[in-house]
file final23.cif (mmCIF, N, CA and C atoms)
data_upload
#
loop_
_atom_site.label_atom_id
_atom_site.label_comp_id
_atom_site.auth_asym_id
_atom_site.auth_seq_id
_atom_site.Cartn_x
_atom_site.Cartn_y
_atom_site.Cartn_z
N MET F 4 -8.90 0.09 20.92
CA MET F 4 -7.64 0.60 20.46
C MET F 4 -7.20 -0.21 19.25
N HIS F 5 -6.66 0.48 18.26
CA HIS F 5 -6.11 -0.20 17.09
C HIS F 5 -4.79 0.46 16.71
N LYS F 6 -4.09 -0.16 15.77
CA LYS F 6 -2.79 0.33 15.34
C LYS F 6 -2.79 0.52 13.82
N SER F 7 -1.91 1.43 13.37
CA SER F 7 -1.69 1.58 11.93
C SER F 7 -0.31 2.19 11.70
N ARG F 8 0.16 2.06 10.45
CA ARG F 8 1.42 2.67 10.03
C ARG F 8 1.45 2.70 8.51
N LEU F 9 2.36 3.48 7.97
CA LEU F 9 2.58 3.48 6.54
C LEU F 9 3.15 2.12 6.18
N GLY F 10 2.52 1.44 5.24
CA GLY F 10 2.96 0.10 4.88
C GLY F 10 3.71 0.06 3.57
N PHE F 11 3.06 0.46 2.49
CA PHE F 11 3.65 0.35 1.17
C PHE F 11 3.56 1.65 0.39
N LEU F 12 4.56 1.88 -0.41
CA LEU F 12 4.51 2.84 -1.50
C LEU F 12 4.17 1.98 -2.72
N VAL F 13 3.09 2.33 -3.42
CA VAL F 13 2.63 1.51 -4.54
C VAL F 13 2.82 2.29 -5.84
N ILE F 14 3.57 1.70 -6.75
CA ILE F 14 3.82 2.31 -8.06
C ILE F 14 2.82 1.69 -9.03
N ASP F 15 1.81 2.49 -9.43
CA ASP F 15 0.77 2.02 -10.34
C ASP F 15 1.26 2.17 -11.77
N CYS F 16 1.30 1.05 -12.51
CA CYS F 16 1.77 1.05 -13.90
C CYS F 16 0.64 0.64 -14.82
N GLU F 17 0.31 1.52 -15.76
CA GLU F 17 -0.77 1.23 -16.70
C GLU F 17 -0.24 0.43 -17.88
N GLY F 18 -0.86 -0.72 -18.12
CA GLY F 18 -0.53 -1.53 -19.28
C GLY F 18 0.91 -2.03 -19.28
N GLY F 19 1.27 -2.64 -20.39
CA GLY F 19 2.64 -3.12 -20.53
C GLY F 19 2.90 -4.39 -19.75
N ASP F 20 4.16 -4.68 -19.60
CA ASP F 20 4.64 -5.90 -18.98
C ASP F 20 4.98 -5.62 -17.51
N ILE F 21 4.18 -6.14 -16.60
CA ILE F 21 4.39 -5.88 -15.17
C ILE F 21 5.78 -6.34 -14.71
N ASP F 22 6.28 -7.42 -15.29
CA ASP F 22 7.61 -7.89 -14.91
C ASP F 22 8.69 -6.91 -15.37
N ALA F 23 8.54 -6.33 -16.54
CA ALA F 23 9.50 -5.33 -17.02
C ALA F 23 9.43 -4.08 -16.16
N HIS F 24 8.22 -3.65 -15.81
CA HIS F 24 8.08 -2.47 -14.94
C HIS F 24 8.74 -2.74 -13.59
N ALA F 25 8.47 -3.91 -13.03
CA ALA F 25 9.04 -4.26 -11.72
C ALA F 25 10.56 -4.33 -11.79
N ALA F 26 11.10 -4.91 -12.88
CA ALA F 26 12.55 -5.00 -13.03
C ALA F 26 13.18 -3.61 -13.06
N PHE F 27 12.56 -2.68 -13.79
CA PHE F 27 13.07 -1.31 -13.84
C PHE F 27 13.12 -0.69 -12.44
N TRP F 28 11.97 -0.74 -11.73
CA TRP F 28 11.90 -0.09 -10.42
C TRP F 28 12.79 -0.78 -9.40
N ALA F 29 12.95 -2.08 -9.50
CA ALA F 29 13.85 -2.79 -8.58
C ALA F 29 15.28 -2.29 -8.77
N GLU F 30 15.72 -2.20 -10.01
CA GLU F 30 17.07 -1.70 -10.30
C GLU F 30 17.22 -0.25 -9.86
N ALA F 31 16.22 0.56 -10.17
CA ALA F 31 16.27 1.99 -9.83
C ALA F 31 16.36 2.22 -8.33
N LEU F 32 15.71 1.34 -7.55
CA LEU F 32 15.62 1.53 -6.10
C LEU F 32 16.52 0.60 -5.30
N GLY F 33 17.35 -0.18 -5.99
CA GLY F 33 18.28 -1.06 -5.29
C GLY F 33 17.60 -2.21 -4.56
N ARG F 34 16.59 -2.75 -5.17
CA ARG F 34 15.84 -3.87 -4.59
C ARG F 34 15.81 -5.04 -5.56
N THR F 35 15.18 -6.13 -5.13
CA THR F 35 14.98 -7.28 -6.01
C THR F 35 13.48 -7.54 -6.12
N VAL F 36 13.09 -8.17 -7.22
CA VAL F 36 11.68 -8.51 -7.43
C VAL F 36 11.42 -9.85 -6.76
N GLU F 37 10.31 -9.96 -6.03
CA GLU F 37 9.96 -11.22 -5.38
C GLU F 37 9.97 -12.35 -6.40
N GLU F 38 10.37 -13.54 -5.95
CA GLU F 38 10.49 -14.68 -6.87
C GLU F 38 9.15 -15.31 -7.22
N LYS F 39 8.23 -15.40 -6.27
CA LYS F 39 6.96 -16.07 -6.51
C LYS F 39 5.80 -15.13 -6.17
N PRO F 40 5.36 -14.31 -7.14
CA PRO F 40 4.27 -13.39 -6.86
C PRO F 40 2.99 -14.13 -6.45
N ARG F 41 2.27 -13.58 -5.50
CA ARG F 41 1.02 -14.19 -5.03
C ARG F 41 -0.16 -13.81 -5.91
N ASP F 42 -0.01 -12.69 -6.64
CA ASP F 42 -1.10 -12.18 -7.47
C ASP F 42 -0.48 -11.67 -8.77
N PRO F 43 -1.06 -11.99 -9.93
CA PRO F 43 -0.45 -11.57 -11.19
C PRO F 43 -0.42 -10.06 -11.41
N ARG F 44 -1.19 -9.31 -10.63
CA ARG F 44 -1.23 -7.85 -10.79
C ARG F 44 -0.16 -7.12 -9.99
N TYR F 45 0.52 -7.80 -9.07
CA TYR F 45 1.46 -7.15 -8.17
C TYR F 45 2.84 -7.81 -8.22
N ARG F 46 3.86 -6.98 -8.00
CA ARG F 46 5.22 -7.48 -7.79
C ARG F 46 5.78 -6.71 -6.60
N ARG F 47 6.18 -7.45 -5.58
CA ARG F 47 6.77 -6.84 -4.39
C ARG F 47 8.26 -6.65 -4.65
N LEU F 48 8.77 -5.46 -4.33
CA LEU F 48 10.19 -5.19 -4.46
C LEU F 48 10.80 -5.38 -3.07
N GLU F 49 11.66 -6.36 -2.96
CA GLU F 49 12.19 -6.76 -1.66
C GLU F 49 13.54 -6.12 -1.38
N SER F 50 13.83 -6.01 -0.08
CA SER F 50 15.10 -5.45 0.37
C SER F 50 15.50 -6.17 1.64
N GLU F 51 16.79 -6.31 1.84
CA GLU F 51 17.29 -6.91 3.08
C GLU F 51 17.19 -5.92 4.23
N LYS F 52 17.09 -4.64 3.91
CA LYS F 52 17.02 -3.60 4.93
C LYS F 52 15.57 -3.38 5.33
N PRO F 53 15.31 -3.17 6.62
CA PRO F 53 13.93 -2.88 7.03
C PRO F 53 13.50 -1.50 6.53
N GLY F 54 12.23 -1.34 6.35
CA GLY F 54 11.72 -0.04 5.92
C GLY F 54 10.39 -0.20 5.21
N ILE F 55 10.02 0.83 4.52
CA ILE F 55 8.74 0.83 3.82
C ILE F 55 8.73 -0.23 2.72
N GLY F 56 7.58 -0.86 2.54
CA GLY F 56 7.42 -1.82 1.46
C GLY F 56 7.15 -1.09 0.15
N ILE F 57 7.56 -1.69 -0.95
CA ILE F 57 7.29 -1.11 -2.26
C ILE F 57 6.66 -2.18 -3.14
N LEU F 58 5.53 -1.83 -3.76
CA LEU F 58 4.83 -2.71 -4.69
C LEU F 58 4.76 -2.05 -6.05
N VAL F 59 4.86 -2.85 -7.10
CA VAL F 59 4.55 -2.40 -8.45
C VAL F 59 3.22 -3.08 -8.80
N GLN F 60 2.26 -2.28 -9.24
CA GLN F 60 0.90 -2.78 -9.47
C GLN F 60 0.47 -2.49 -10.90
N SER F 61 -0.11 -3.47 -11.56
CA SER F 61 -0.68 -3.29 -12.88
C SER F 61 -2.09 -2.71 -12.72
N VAL F 62 -2.36 -1.58 -13.37
CA VAL F 62 -3.65 -0.90 -13.22
C VAL F 62 -4.22 -0.53 -14.59
N ASP F 63 -5.49 -0.15 -14.60
CA ASP F 63 -6.13 0.29 -15.84
C ASP F 63 -6.44 1.78 -15.82
N HIS F 64 -5.72 2.54 -15.00
CA HIS F 64 -5.85 4.00 -14.98
C HIS F 64 -4.47 4.61 -15.20
N ALA F 65 -4.42 5.90 -15.28
CA ALA F 65 -3.15 6.59 -15.53
C ALA F 65 -2.11 6.22 -14.45
N PRO F 66 -0.84 6.15 -14.83
CA PRO F 66 0.21 5.84 -13.85
C PRO F 66 0.25 6.88 -12.73
N ARG F 67 0.47 6.41 -11.53
CA ARG F 67 0.62 7.29 -10.38
C ARG F 67 1.25 6.49 -9.25
N VAL F 68 1.50 7.14 -8.17
CA VAL F 68 2.03 6.49 -6.97
C VAL F 68 1.03 6.75 -5.85
N HIS F 69 0.76 5.73 -5.05
CA HIS F 69 -0.12 5.94 -3.89
C HIS F 69 0.45 5.21 -2.67
N LEU F 70 -0.08 5.53 -1.52
CA LEU F 70 0.37 4.94 -0.26
C LEU F 70 -0.66 3.93 0.24
N ASP F 71 -0.17 2.90 0.90
CA ASP F 71 -1.03 1.97 1.63
C ASP F 71 -0.76 2.17 3.11
N ILE F 72 -1.81 2.40 3.88
CA ILE F 72 -1.71 2.44 5.33
C ILE F 72 -2.15 1.08 5.82
N GLU F 73 -1.26 0.38 6.52
CA GLU F 73 -1.64 -0.95 7.01
C GLU F 73 -2.11 -0.82 8.45
N THR F 74 -3.04 -1.71 8.83
CA THR F 74 -3.67 -1.62 10.13
C THR F 74 -4.11 -3.00 10.62
N ASP F 75 -4.30 -3.10 11.91
CA ASP F 75 -4.84 -4.34 12.46
C ASP F 75 -6.37 -4.31 12.51
N ASP F 76 -6.99 -3.18 12.11
CA ASP F 76 -8.45 -3.07 12.09
C ASP F 76 -8.85 -2.06 11.01
N VAL F 77 -9.15 -2.56 9.82
CA VAL F 77 -9.45 -1.69 8.68
C VAL F 77 -10.63 -0.77 8.98
N GLY F 78 -11.69 -1.30 9.54
CA GLY F 78 -12.88 -0.49 9.83
C GLY F 78 -12.59 0.67 10.77
N ARG F 79 -11.88 0.42 11.83
CA ARG F 79 -11.56 1.49 12.79
C ARG F 79 -10.62 2.53 12.18
N GLU F 80 -9.66 2.08 11.38
CA GLU F 80 -8.73 3.02 10.75
C GLU F 80 -9.46 3.87 9.73
N VAL F 81 -10.35 3.28 8.94
CA VAL F 81 -11.14 4.05 7.98
C VAL F 81 -11.97 5.10 8.73
N ALA F 82 -12.60 4.73 9.82
CA ALA F 82 -13.40 5.67 10.60
C ALA F 82 -12.53 6.81 11.14
N ARG F 83 -11.34 6.50 11.62
CA ARG F 83 -10.42 7.52 12.14
C ARG F 83 -10.05 8.51 11.03
N LEU F 84 -9.76 7.98 9.85
CA LEU F 84 -9.36 8.83 8.73
C LEU F 84 -10.53 9.66 8.19
N GLU F 85 -11.74 9.11 8.26
CA GLU F 85 -12.91 9.89 7.87
C GLU F 85 -13.08 11.10 8.79
N LYS F 86 -12.85 10.91 10.08
CA LYS F 86 -12.94 12.03 11.02
C LYS F 86 -11.92 13.12 10.71
N LEU F 87 -10.81 12.73 10.07
CA LEU F 87 -9.78 13.70 9.69
C LEU F 87 -10.10 14.39 8.36
N GLY F 88 -11.16 13.93 7.69
CA GLY F 88 -11.58 14.58 6.45
C GLY F 88 -11.45 13.75 5.19
N ALA F 89 -10.94 12.53 5.29
CA ALA F 89 -10.84 11.66 4.12
C ALA F 89 -12.20 11.05 3.81
N GLY F 90 -12.39 10.67 2.58
CA GLY F 90 -13.63 10.03 2.17
C GLY F 90 -13.37 8.66 1.57
N ILE F 91 -14.39 7.82 1.65
CA ILE F 91 -14.28 6.48 1.05
C ILE F 91 -14.59 6.60 -0.44
N VAL F 92 -13.70 6.05 -1.25
CA VAL F 92 -13.90 6.01 -2.70
C VAL F 92 -14.51 4.67 -3.09
N ARG F 93 -13.96 3.61 -2.52
CA ARG F 93 -14.43 2.26 -2.87
C ARG F 93 -14.02 1.28 -1.78
N GLU F 94 -14.95 0.43 -1.38
CA GLU F 94 -14.64 -0.61 -0.41
C GLU F 94 -14.47 -1.93 -1.15
N MET F 95 -13.33 -2.54 -0.92
CA MET F 95 -13.03 -3.83 -1.53
C MET F 95 -13.14 -4.90 -0.44
N GLU F 96 -12.95 -6.15 -0.81
CA GLU F 96 -13.07 -7.24 0.16
C GLU F 96 -12.03 -7.13 1.27
N ASN F 97 -10.79 -6.81 0.92
CA ASN F 97 -9.70 -6.80 1.90
C ASN F 97 -9.08 -5.43 2.15
N TRP F 98 -9.56 -4.38 1.49
CA TRP F 98 -9.01 -3.05 1.70
C TRP F 98 -10.04 -2.01 1.31
N THR F 99 -9.75 -0.76 1.66
CA THR F 99 -10.62 0.36 1.32
C THR F 99 -9.79 1.44 0.64
N VAL F 100 -10.28 1.92 -0.50
CA VAL F 100 -9.65 3.03 -1.20
C VAL F 100 -10.25 4.31 -0.65
N MET F 101 -9.38 5.24 -0.25
CA MET F 101 -9.85 6.50 0.32
C MET F 101 -9.21 7.67 -0.42
N GLU F 102 -9.77 8.86 -0.19
CA GLU F 102 -9.20 10.06 -0.78
C GLU F 102 -9.12 11.13 0.29
N ALA F 103 -7.94 11.71 0.42
CA ALA F 103 -7.73 12.80 1.37
C ALA F 103 -8.36 14.08 0.82
N ALA F 104 -8.57 15.05 1.68
CA ALA F 104 -9.13 16.33 1.25
C ALA F 104 -8.25 16.99 0.18
N SER F 105 -6.98 16.65 0.14
CA SER F 105 -6.04 17.18 -0.85
C SER F 105 -6.23 16.57 -2.23
N GLY F 106 -7.08 15.52 -2.32
CA GLY F 106 -7.31 14.83 -3.59
C GLY F 106 -6.44 13.60 -3.79
N HIS F 107 -5.53 13.33 -2.87
CA HIS F 107 -4.66 12.17 -2.99
C HIS F 107 -5.39 10.90 -2.56
N ARG F 108 -5.31 9.89 -3.38
CA ARG F 108 -5.91 8.60 -3.03
C ARG F 108 -4.89 7.74 -2.31
N PHE F 109 -5.40 6.89 -1.43
CA PHE F 109 -4.57 5.95 -0.69
C PHE F 109 -5.45 4.79 -0.29
N CYS F 110 -4.82 3.70 0.15
CA CYS F 110 -5.57 2.52 0.56
C CYS F 110 -5.32 2.21 2.03
N VAL F 111 -6.33 1.67 2.68
CA VAL F 111 -6.20 1.15 4.03
C VAL F 111 -6.28 -0.36 3.89
N VAL F 112 -5.21 -1.04 4.31
CA VAL F 112 -5.08 -2.48 4.11
C VAL F 112 -4.80 -3.19 5.42
N LYS F 113 -5.02 -4.49 5.44
CA LYS F 113 -4.66 -5.30 6.61
C LYS F 113 -3.15 -5.34 6.75
N LYS F 114 -2.67 -5.48 8.00
CA LYS F 114 -1.22 -5.50 8.23
C LYS F 114 -0.59 -6.64 7.44
N GLN F 115 0.62 -6.35 6.89
CA GLN F 115 1.27 -7.31 6.02
C GLN F 115 2.77 -7.43 6.26
N LEU F 116 3.41 -6.34 6.58
CA LEU F 116 4.86 -6.34 6.69
C LEU F 116 5.33 -6.74 8.08
N PRO F 117 6.52 -7.33 8.17
CA PRO F 117 7.07 -7.68 9.49
C PRO F 117 7.29 -6.44 10.34
N GLY F 118 7.24 -6.62 11.65
CA GLY F 118 7.51 -5.54 12.58
C GLY F 118 6.34 -4.63 12.86
N PHE F 119 5.17 -4.99 12.36
CA PHE F 119 4.00 -4.12 12.53
C PHE F 119 3.73 -3.81 14.01
N ASP F 120 3.63 -4.83 14.84
CA ASP F 120 3.26 -4.62 16.24
C ASP F 120 4.26 -3.75 16.98
N GLU F 121 5.52 -3.81 16.59
CA GLU F 121 6.55 -3.04 17.27
C GLU F 121 6.63 -1.59 16.81
N THR F 122 6.19 -1.30 15.57
CA THR F 122 6.41 0.03 15.02
C THR F 122 5.14 0.83 14.70
N ALA F 123 4.00 0.20 14.74
CA ALA F 123 2.76 0.91 14.40
C ALA F 123 2.36 1.85 15.54
N THR F 124 1.62 2.89 15.15
CA THR F 124 1.09 3.85 16.13
C THR F 124 -0.20 3.29 16.71
N ARG F 125 -0.34 3.40 18.03
CA ARG F 125 -1.58 2.97 18.70
C ARG F 125 -2.54 4.15 18.74
N TRP F 126 -3.78 3.91 18.33
CA TRP F 126 -4.79 4.97 18.30
C TRP F 126 -5.91 4.63 19.28
N PRO F 127 -6.28 5.57 20.13
CA PRO F 127 -7.43 5.33 21.01
C PRO F 127 -8.71 5.38 20.18
N ASP F 128 -9.65 4.52 20.48
CA ASP F 128 -10.91 4.50 19.71
C ASP F 128 -11.98 5.27 20.44
#
call {"tool": "encode", "arguments": {"input": "final23.cif", "output": "structure tokens"}}
result
Amino acid sequence: MHKSRLGFLVIDCEGGDIDAHAAFWAEALGRTVEEKPRDPRYRRLESEKPGIGILVQSVDHAPRVHLDIETDDVGREVARLEKLGAGIVREMENWTVMEAASGHRFCVVKKQLPGFDETATRWPD
């Protein structure tokens, strides 16, 4: 048995200043930009209210928005989603990029946000 849930809405920004992009989206969405980013490509938009996480990501492809599904077992979640018709686009060290039959890309990532164990869906394997 494993668990998963919607983790992050990721705003992919091509080129430019990631801090300026993050500042815009933070103001637009009523959030603040994390003070100490862990990775130069990402800025987490924080909120005092619980809910979905939002990331601003610097990318080298056209701007878009994608979802991250967080899980306690990436391999099992990827297998579950493949059975539903999604395909693997690229496997990274810590996450997998997938594409739904609708053409929408999304990522399966390790659990990251607080409250995962209490709110994630349990899936029988």
call {"tool": "resolve_selection", "arguments": {"input": "final23.cif", "expression": "the PyMOL selection byres ((chain F and resi 64) around 8)", "output": "list in words"}}
result
Asp15, Cys16, Glu17, Gly18, Ser61, Val62, Asp63, Ala65, Pro66 and Arg67 of chain F
call {"tool": "residues_around", "arguments": {"input": "final23.cif", "residues": "stretch 74-89 of chain F", "least_positions_apart": "4", "cutoff": "6 Å", "atoms": "all atoms listed in the file", "output": "CSV table (one decimal) with N, CA and C atoms, in the frame of the given file"}}
result
chain,number,residue,atom,x,y,z
F,5,HIS,N,-6.7,0.5,18.3
F,5,HIS,CA,-6.1,-0.2,17.1
F,5,HIS,C,-4.8,0.5,16.7
F,6,LYS,N,-4.1,-0.2,15.8
F,6,LYS,CA,-2.8,0.3,15.3
F,6,LYS,C,-2.8,0.5,13.8
F,7,SER,N,-1.9,1.4,13.4
F,7,SER,CA,-1.7,1.6,11.9
F,7,SER,C,-0.3,2.2,11.7
F,8,ARG,N,0.2,2.1,10.4
F,8,ARG,CA,1.4,2.7,10.0
F,8,ARG,C,1.4,2.7,8.5
F,102,GLU,N,-9.8,8.9,-0.2
F,102,GLU,CA,-9.2,10.1,-0.8
F,102,GLU,C,-9.1,11.1,0.3
F,103,ALA,N,-7.9,11.7,0.4
F,103,ALA,CA,-7.7,12.8,1.4
F,103,ALA,C,-8.4,14.1,0.8
F,104,ALA,N,-8.6,15.0,1.7
F,104,ALA,CA,-9.1,16.3,1.2
F,104,ALA,C,-8.2,17.0,0.2
F,111,VAL,N,-6.3,1.7,2.7
F,111,VAL,CA,-6.2,1.2,4.0
F,111,VAL,C,-6.3,-0.4,3.9
F,112,VAL,N,-5.2,-1.0,4.3
F,112,VAL,CA,-5.1,-2.5,4.1
F,112,VAL,C,-4.8,-3.2,5.4
F,113,LYS,N,-5.0,-4.5,5.4
F,113,LYS,CA,-4.7,-5.3,6.6
F,113,LYS,C,-3.2,-5.3,6.8
F,114,LYS,N,-2.7,-5.5,8.0
F,114,LYS,CA,-1.2,-5.5,8.2
F,114,LYS,C,-0.6,-6.6,7.4
call {"tool": "closest_residue", "arguments": {"input": "final23.cif", "among": "F:Cys110, F:Leu12, F:Leu116, F:Leu48", "to": "F:Asn97", "atoms": "only C-alpha atoms"}}
result
F:Cys110
call {"tool": "select_by_dssp", "arguments": {"input": "final23.cif", "residues": "stretch 5-128 of chain F", "states": "helix (DSSP H, G or I)", "output": "VMD selection string"}}
result
chain F and resid 21 to 32 77 to 86 119 to 122
call {"tool": "closest_residue", "arguments": {"input": "final23.cif", "among": "F:Glu94, F:Asp128, F:Glu73, F:Asp22", "to": "F:Lys39", "atoms": "only C-alpha atoms"}}
result
F:Asp22
call {"tool": "closest_residue", "arguments": {"input": "final23.cif", "among": "F:Gly56, F:Gly33, F:Pro40, F:Gly19", "to": "F:Gln115", "atoms": "only C-alpha atoms"}}
result
F:Gly56
call {"tool": "resolve_selection", "arguments": {"input": "final23.cif", "expression": "the PyMOL selection byres ((chain F and resi 91) around 6)", "output": "short mmCIF file (atom, residue, chain, number, x, y, z; two decimals) with N, CA and C atoms, keeping the file's coordinate frame"}}
result
data_model
loop_
_atom_site.label_atom_id
_atom_site.label_comp_id
_atom_site.auth_asym_id
_atom_site.auth_seq_id
_atom_site.Cartn_x
_atom_site.Cartn_y
_atom_site.Cartn_z
N ALA F 89 -10.94 12.53 5.29
CA ALA F 89 -10.84 11.66 4.12
C ALA F 89 -12.20 11.05 3.81
N GLY F 90 -12.39 10.67 2.58
CA GLY F 90 -13.63 10.03 2.17
C GLY F 90 -13.37 8.66 1.57
N VAL F 92 -13.70 6.05 -1.25
CA VAL F 92 -13.90 6.01 -2.70
C VAL F 92 -14.51 4.67 -3.09
N ARG F 93 -13.96 3.61 -2.52
CA ARG F 93 -14.43 2.26 -2.87
C ARG F 93 -14.02 1.28 -1.78
N VAL F 100 -10.28 1.92 -0.50
CA VAL F 100 -9.65 3.03 -1.20
C VAL F 100 -10.25 4.31 -0.65
N MET F 101 -9.38 5.24 -0.25
CA MET F 101 -9.85 6.50 0.32
C MET F 101 -9.21 7.67 -0.42
N GLU F 102 -9.77 8.86 -0.19
CA GLU F 102 -9.20 10.06 -0.78
C GLU F 102 -9.12 11.13 0.29
#
call {"tool": "residues_near_point", "arguments": {"input": "final23.cif", "point": "(-2.8, 5.4, 0.8)", "cutoff": "7 Å", "atoms": "only N, CA and C atoms", "output": "JSON, numbers by chain"}}
result
{"F": [69, 70, 71, 72, 101, 107, 108, 109, 110, 111]}
call {"tool": "closest_residue", "arguments": {"input": "final23.cif", "among": "F:Gly118, F:Gly10, F:Gly106, F:Pro127", "to": "F:Leu58", "atoms": "all atoms listed in the file"}}
result
F:Gly10
call {"tool": "atom_distance", "arguments": {"input": "final23.cif", "atom1": "atom N of F:Pro53", "atom2": "atom CA of F:Leu9"}}
result
14.4 Å
call {"tool": "atom_distance", "arguments": {"input": "final23.cif", "atom1": "atom N of F:Ala123", "atom2": "atom C of F:Ile57"}}
result
18.2 Å
call {"tool": "atom_distance", "arguments": {"input": "final23.cif", "atom1": "atom N of F:Asp120", "atom2": "atom N of F:Val68"}}
result
26.0 Å
call {"tool": "closest_residue", "arguments": {"input": "final23.cif", "among": "F:Glu121, F:Ser105, F:Glu38, F:Phe11", "to": "F:Gly54", "atoms": "only C-alpha atoms"}}
result
F:Phe11
call {"tool": "select_by_dssp", "arguments": {"input": "final23.cif", "residues": "stretch 59-98 of chain F", "states": "strand (DSSP E)", "output": "number ranges by chain"}}
result
F: 59-62, 67-74, 90-94, 98
call {"tool": "resolve_selection", "arguments": {"input": "final23.cif", "expression": "the PyMOL selection byres ((chain F and resi 49) around 6)", "output": "list in words"}}
result
Arg34, Thr35, Val36, Glu37, Arg47, Leu48, Ser50 and Glu51 of chain F
call {"tool": "closest_residue", "arguments": {"input": "final23.cif", "among": "F:Arg41, F:Val59, F:Phe119, F:Met95", "to": "F:Ile14", "atoms": "all atoms listed in the file"}}
result
F:Val59
